Amino acid sequence: MPEQPQTPRGAATYRRILDAATEEFAAHGIAGARIERIVTAARTNKAQLYAYFGDKERLFDAIFLGSLERITDVVPIDADDLPDWAVRLYDEYLRRPDLIRLATWTRLERRPTGHLVETHEHYDDRKLTALAEAQAAGRIRQGDPFDLMAMVIAMSMAWSPVSNVYAASDQEPDEVHERRRALLRDCVRRAVAAD
């Protein structure tokens, strides 16, 4: 079992490893990531990395699962305002394109079909319950709550790094983002409106 940092200095090293590894995995994927580059960027050594994380696969798991937790915590679902949720997701993808890249590498290298993670219930159950309750109250359209959630998330990713049309950047003018937010908000509102 990998050890956890016990001192402030160890915690700082642990954080530097996570930050460096996030950049490395987002840029190169699991197979292409190199431990040597991670430890150099983190100003540590392989022994410390392996003591904290065990191996490269578990380091990726820690980063990827942490990114899923971040999305869940930073952008909690509001089943009564799915258009706003989609826009908040869009904004988070602009702030943290690495989160989408990590998910893309997971899809490409680990799980080409089905749920992105085995423990998807941990990340989805609260969202699905909220959607089912909003459906039961007649506030949003009927249908499988998971499919509805997947559709709204996909719409929020229209301009993300996984777009096959155009990947947005936080460097674009604010008016461009406002135009996209307005379009996204309207399209999601129409898509989820109760019949």
# chains A, B, ... in the order shown; residues from 1 in each chain; ligands from 1
$ residues_around --residues "A:Thr44" --least-positions-apart "5" --cutoff "10 Å" --atoms "only C-alpha atoms" --output "PyMOL selection string"
chain A and resi 13-14+16-17+36+38-39+49
$ select_by_dssp --residues "stretch 20-136 of chain A" --states "helix (DSSP H, G or I)" --output "VMD selection string"
chain A and resid 20 to 32 35 to 42 46 to 53 56 to 74 82 to 95 97 to 109 120 to 136
$ residues_around --residues "A:Asp80" --least-positions-apart "2" --cutoff "8 Å" --atoms "only C-alpha atoms" --output "MDAnalysis selection string"
chainID A and resid 78 82 134 139:140
$ residues_around --residues "A:Thr106" --least-positions-apart "4" --cutoff "9 Å" --atoms "only C-alpha atoms" --output "list in words"
Gly29, Ile30, Phe64, Arg101, Leu102, Arg110, Arg111, Pro112, Leu116 and Val117 of chain A
$ closest_residue --among "A:Met149, A:Leu89, A:Gly143, A:Arg37" --to "A:Lys127" --atoms "only C-alpha atoms"
A:Met149
$ residues_around --residues "A:His122" --least-positions-apart "5" --cutoff "12 Å" --atoms "only C-alpha atoms" --output "list in words"
Leu65, Leu68, Glu69, Thr72, Val117, Lys127 and Leu128 of chain A
$ write_last_selection --atoms "all heavy atoms" --output "short mmCIF file (atom, residue, chain, number, x, y, z; two decimals), in the first residue's frame"
data_model
loop_
_atom_site.label_atom_id
_atom_site.label_comp_id
_atom_site.auth_asym_id
_atom_site.auth_seq_id
_atom_site.Cartn_x
_atom_site.Cartn_y
_atom_site.Cartn_z
N LEU A 65 -9.18 10.04 -11.00
CA LEU A 65 -10.30 10.02 -10.05
C LEU A 65 -10.42 11.35 -9.32
O LEU A 65 -11.52 11.82 -9.04
CB LEU A 65 -10.16 8.85 -9.09
CG LEU A 65 -10.26 7.47 -9.76
CD1 LEU A 65 -10.03 6.36 -8.74
CD2 LEU A 65 -11.57 7.28 -10.49
N LEU A 68 -12.34 13.67 -11.55
CA LEU A 68 -13.78 13.41 -11.51
C LEU A 68 -14.39 14.01 -10.24
O LEU A 68 -15.48 14.58 -10.28
CB LEU A 68 -14.06 11.91 -11.58
CG LEU A 68 -13.71 11.21 -12.89
CD1 LEU A 68 -14.01 9.72 -12.78
CD2 LEU A 68 -14.44 11.83 -14.06
N GLU A 69 -13.68 13.87 -9.13
CA GLU A 69 -14.15 14.49 -7.88
C GLU A 69 -14.23 16.00 -8.03
O GLU A 69 -15.18 16.64 -7.58
CB GLU A 69 -13.23 14.14 -6.71
CG GLU A 69 -13.26 12.70 -6.28
CD GLU A 69 -14.55 12.31 -5.56
OE1 GLU A 69 -15.31 13.20 -5.11
OE2 GLU A 69 -14.79 11.10 -5.46
N THR A 72 -17.30 17.03 -9.96
CA THR A 72 -18.49 16.83 -9.13
C THR A 72 -18.61 17.91 -8.06
O THR A 72 -19.70 18.42 -7.80
CB THR A 72 -18.45 15.43 -8.48
OG1 THR A 72 -18.39 14.45 -9.53
CG2 THR A 72 -19.67 15.18 -7.64
N VAL A 117 -15.52 4.83 -15.77
CA VAL A 117 -14.88 4.24 -14.59
C VAL A 117 -15.79 3.16 -14.02
O VAL A 117 -17.01 3.23 -14.14
CB VAL A 117 -14.56 5.29 -13.49
CG1 VAL A 117 -13.50 6.27 -13.96
CG2 VAL A 117 -15.79 6.02 -13.04
N LYS A 127 -26.48 12.62 -9.05
CA LYS A 127 -26.99 13.33 -10.23
C LYS A 127 -28.23 12.64 -10.76
O LYS A 127 -29.24 13.30 -11.08
CB LYS A 127 -25.92 13.37 -11.32
CG LYS A 127 -24.69 14.14 -10.96
CD LYS A 127 -23.65 13.98 -12.05
CE LYS A 127 -22.28 14.38 -11.55
NZ LYS A 127 -21.22 13.94 -12.42
N LEU A 128 -28.17 11.32 -10.85
CA LEU A 128 -29.31 10.58 -11.41
C LEU A 128 -30.53 10.66 -10.50
O LEU A 128 -31.66 10.77 -10.99
CB LEU A 128 -28.91 9.12 -11.66
CG LEU A 128 -27.79 8.92 -12.68
CD1 LEU A 128 -27.43 7.45 -12.81
CD2 LEU A 128 -28.15 9.53 -14.03
#
$ closest_residue --among "A:Ala47, A:Asp73, A:Arg189, A:Tyr90" --to "A:Arg141" --atoms "only C-alpha atoms"
A:Arg189
$ atom_distance --atom1 "atom CA of A:Arg96" --atom2 "atom CA of A:Ala167"
12.8 Å
$ residues_around --residues "A:Met157" --least-positions-apart "3" --cutoff "8 Å" --atoms "only C-alpha atoms" --output "list in words"
Leu89, Tyr90, Tyr93, Ile153, Ala154, Ser160, Pro161, Val162 and Ser163 of chain A
$ residues_around --residues "A:Thr104" --least-positions-apart "4" --cutoff "9 Å" --atoms "only C-alpha atoms" --output "ChimeraX atom specification"
/A:26,29,99-100,108-109,162
$ atom_distance --atom1 "atom CA of A:Gln4" --atom2 "atom CA of A:Ala51"
8.3 Å
$ closest_residue --among "A:Thr113, A:Thr40, A:Ser156, A:Gln171" --to "A:Arg185" --atoms "only C-alpha atoms"
A:Ser156
$ closest_residue --among "A:Ala86, A:Leu184, A:Leu18, A:Ala42" --to "A:Ile63" --atoms "only C-alpha atoms"
A:Leu18
$ closest_residue --among "A:Asn164, A:Ala130, A:Pro83, A:Asp174" --to "A:Ala193" --atoms "only C-alpha atoms"
A:Pro83
$ atom_distance --atom1 "atom CA of A:Ala150" --atom2 "atom CA of A:Asp124"
10.4 Å
$ decode --residues "stretch 93-143 of chain A" --atoms "N, CA and C atoms" --output "compact mmCIF listing (two decimals), in the first residue's frame"
# COMPACT_ATOMS: atom_id res chain seq x y z
N TYR A 93 -14.44 23.43 -18.31
CA TYR A 93 -13.59 22.87 -19.36
C TYR A 93 -12.65 23.93 -19.92
N LEU A 94 -13.09 25.18 -19.96
CA LEU A 94 -12.21 26.27 -20.39
C LEU A 94 -11.09 26.48 -19.38
N ARG A 95 -11.45 26.45 -18.09
CA ARG A 95 -10.45 26.65 -17.03
C ARG A 95 -9.47 25.49 -16.94
N ARG A 96 -9.99 24.28 -17.11
CA ARG A 96 -9.18 23.07 -16.90
C ARG A 96 -9.32 22.09 -18.07
N PRO A 97 -8.77 22.42 -19.23
CA PRO A 97 -8.86 21.49 -20.37
C PRO A 97 -8.18 20.15 -20.09
N ASP A 98 -7.25 20.15 -19.13
CA ASP A 98 -6.57 18.90 -18.79
C ASP A 98 -7.56 17.85 -18.27
N LEU A 99 -8.66 18.28 -17.62
CA LEU A 99 -9.64 17.32 -17.11
C LEU A 99 -10.28 16.54 -18.24
N ILE A 100 -10.58 17.21 -19.34
CA ILE A 100 -11.17 16.54 -20.50
C ILE A 100 -10.13 15.66 -21.18
N ARG A 101 -8.91 16.12 -21.25
CA ARG A 101 -7.86 15.30 -21.87
C ARG A 101 -7.62 14.00 -21.09
N LEU A 102 -7.65 14.08 -19.76
CA LEU A 102 -7.48 12.87 -18.96
C LEU A 102 -8.61 11.88 -19.23
N ALA A 103 -9.83 12.37 -19.33
CA ALA A 103 -10.96 11.49 -19.63
C ALA A 103 -10.82 10.89 -21.02
N THR A 104 -10.32 11.68 -21.96
CA THR A 104 -10.13 11.18 -23.33
C THR A 104 -9.08 10.08 -23.36
N TRP A 105 -7.98 10.27 -22.65
CA TRP A 105 -6.95 9.23 -22.61
C TRP A 105 -7.49 7.96 -21.94
N THR A 106 -8.31 8.13 -20.92
CA THR A 106 -8.91 6.97 -20.27
C THR A 106 -9.77 6.20 -21.26
N ARG A 107 -10.56 6.93 -22.03
CA ARG A 107 -11.41 6.29 -23.03
C ARG A 107 -10.57 5.59 -24.10
N LEU A 108 -9.51 6.23 -24.54
CA LEU A 108 -8.67 5.67 -25.61
C LEU A 108 -7.84 4.47 -25.14
N GLU A 109 -7.29 4.56 -23.93
CA GLU A 109 -6.32 3.56 -23.50
C GLU A 109 -6.85 2.50 -22.55
N ARG A 110 -8.01 2.76 -21.94
CA ARG A 110 -8.49 1.82 -20.94
C ARG A 110 -9.89 1.30 -21.20
N ARG A 111 -10.83 2.17 -21.43
CA ARG A 111 -12.25 1.78 -21.48
C ARG A 111 -12.91 2.36 -22.73
N PRO A 112 -12.72 1.70 -23.86
CA PRO A 112 -13.27 2.24 -25.10
C PRO A 112 -14.80 2.23 -25.17
N THR A 113 -15.44 1.41 -24.36
CA THR A 113 -16.90 1.37 -24.34
C THR A 113 -17.40 1.32 -22.90
N GLY A 114 -18.68 1.57 -22.74
CA GLY A 114 -19.27 1.50 -21.40
C GLY A 114 -18.91 2.71 -20.56
N HIS A 115 -19.11 2.58 -19.27
CA HIS A 115 -18.82 3.67 -18.33
C HIS A 115 -17.33 3.96 -18.31
N LEU A 116 -17.00 5.19 -18.07
CA LEU A 116 -15.61 5.62 -18.06
C LEU A 116 -14.83 5.04 -16.89
N VAL A 117 -15.52 4.83 -15.77
CA VAL A 117 -14.88 4.24 -14.59
C VAL A 117 -15.79 3.16 -14.02
N GLU A 118 -15.17 2.17 -13.40
CA GLU A 118 -15.95 1.09 -12.78
C GLU A 118 -16.82 1.60 -11.65
N THR A 119 -16.34 2.59 -10.94
CA THR A 119 -17.07 3.12 -9.78
C THR A 119 -17.97 4.29 -10.17
N HIS A 120 -18.57 4.22 -11.36
CA HIS A 120 -19.36 5.34 -11.87
C HIS A 120 -20.51 5.71 -10.94
N GLU A 121 -21.03 4.75 -10.18
CA GLU A 121 -22.14 5.06 -9.27
C GLU A 121 -21.75 6.14 -8.28
N HIS A 122 -20.51 6.11 -7.82
CA HIS A 122 -20.03 7.11 -6.87
C HIS A 122 -20.18 8.53 -7.43
N TYR A 123 -19.95 8.68 -8.72
CA TYR A 123 -20.00 9.99 -9.36
C TYR A 123 -21.38 10.31 -9.93
N ASP A 124 -22.17 9.28 -10.24
CA ASP A 124 -23.43 9.48 -10.96
C ASP A 124 -24.69 9.40 -10.11
N ASP A 125 -24.67 8.63 -9.05
CA ASP A 125 -25.93 8.36 -8.32
C ASP A 125 -26.65 9.61 -7.84
N ARG A 126 -25.94 10.55 -7.27
CA ARG A 126 -26.58 11.77 -6.78
C ARG A 126 -27.19 12.56 -7.93
N LYS A 127 -26.48 12.62 -9.05
CA LYS A 127 -26.99 13.33 -10.23
C LYS A 127 -28.23 12.64 -10.76
N LEU A 128 -28.17 11.32 -10.85
CA LEU A 128 -29.31 10.58 -11.41
C LEU A 128 -30.53 10.66 -10.50
N THR A 129 -30.31 10.65 -9.21
CA THR A 129 -31.42 10.80 -8.27
C THR A 129 -32.07 12.17 -8.43
N ALA A 130 -31.25 13.21 -8.54
CA ALA A 130 -31.78 14.57 -8.73
C ALA A 130 -32.57 14.67 -10.03
N LEU A 131 -32.07 14.07 -11.09
CA LEU A 131 -32.78 14.10 -12.36
C LEU A 131 -34.10 13.34 -12.28
N ALA A 132 -34.08 12.16 -11.65
CA ALA A 132 -35.31 11.36 -11.53
C ALA A 132 -36.36 12.10 -10.71
N GLU A 133 -35.93 12.80 -9.66
CA GLU A 133 -36.87 13.56 -8.85
C GLU A 133 -37.47 14.72 -9.65
N ALA A 134 -36.65 15.39 -10.44
CA ALA A 134 -37.16 16.49 -11.27
C ALA A 134 -38.11 15.96 -12.34
N GLN A 135 -37.82 14.78 -12.86
CA GLN A 135 -38.73 14.16 -13.83
C GLN A 135 -40.05 13.79 -13.18
N ALA A 136 -39.99 13.18 -12.01
CA ALA A 136 -41.20 12.77 -11.31
C ALA A 136 -42.09 13.97 -10.98
N ALA A 137 -41.47 15.12 -10.73
CA ALA A 137 -42.23 16.34 -10.43
C ALA A 137 -42.69 17.06 -11.69
N GLY A 138 -42.31 16.53 -12.86
CA GLY A 138 -42.74 17.12 -14.12
C GLY A 138 -41.97 18.37 -14.53
N ARG A 139 -40.79 18.60 -13.92
CA ARG A 139 -40.03 19.80 -14.23
C ARG A 139 -39.13 19.65 -15.44
N ILE A 140 -38.75 18.41 -15.77
CA ILE A 140 -37.94 18.15 -16.96
C ILE A 140 -38.52 16.96 -17.70
N ARG A 141 -38.10 16.77 -18.92
CA ARG A 141 -38.64 15.73 -19.77
C ARG A 141 -38.41 14.34 -19.20
N GLN A 142 -39.24 13.42 -19.60
CA GLN A 142 -39.11 12.03 -19.21
C GLN A 142 -38.01 11.37 -20.04
N GLY A 143 -37.61 10.19 -19.63
CA GLY A 143 -36.56 9.44 -20.31
C GLY A 143 -35.59 8.91 -19.28
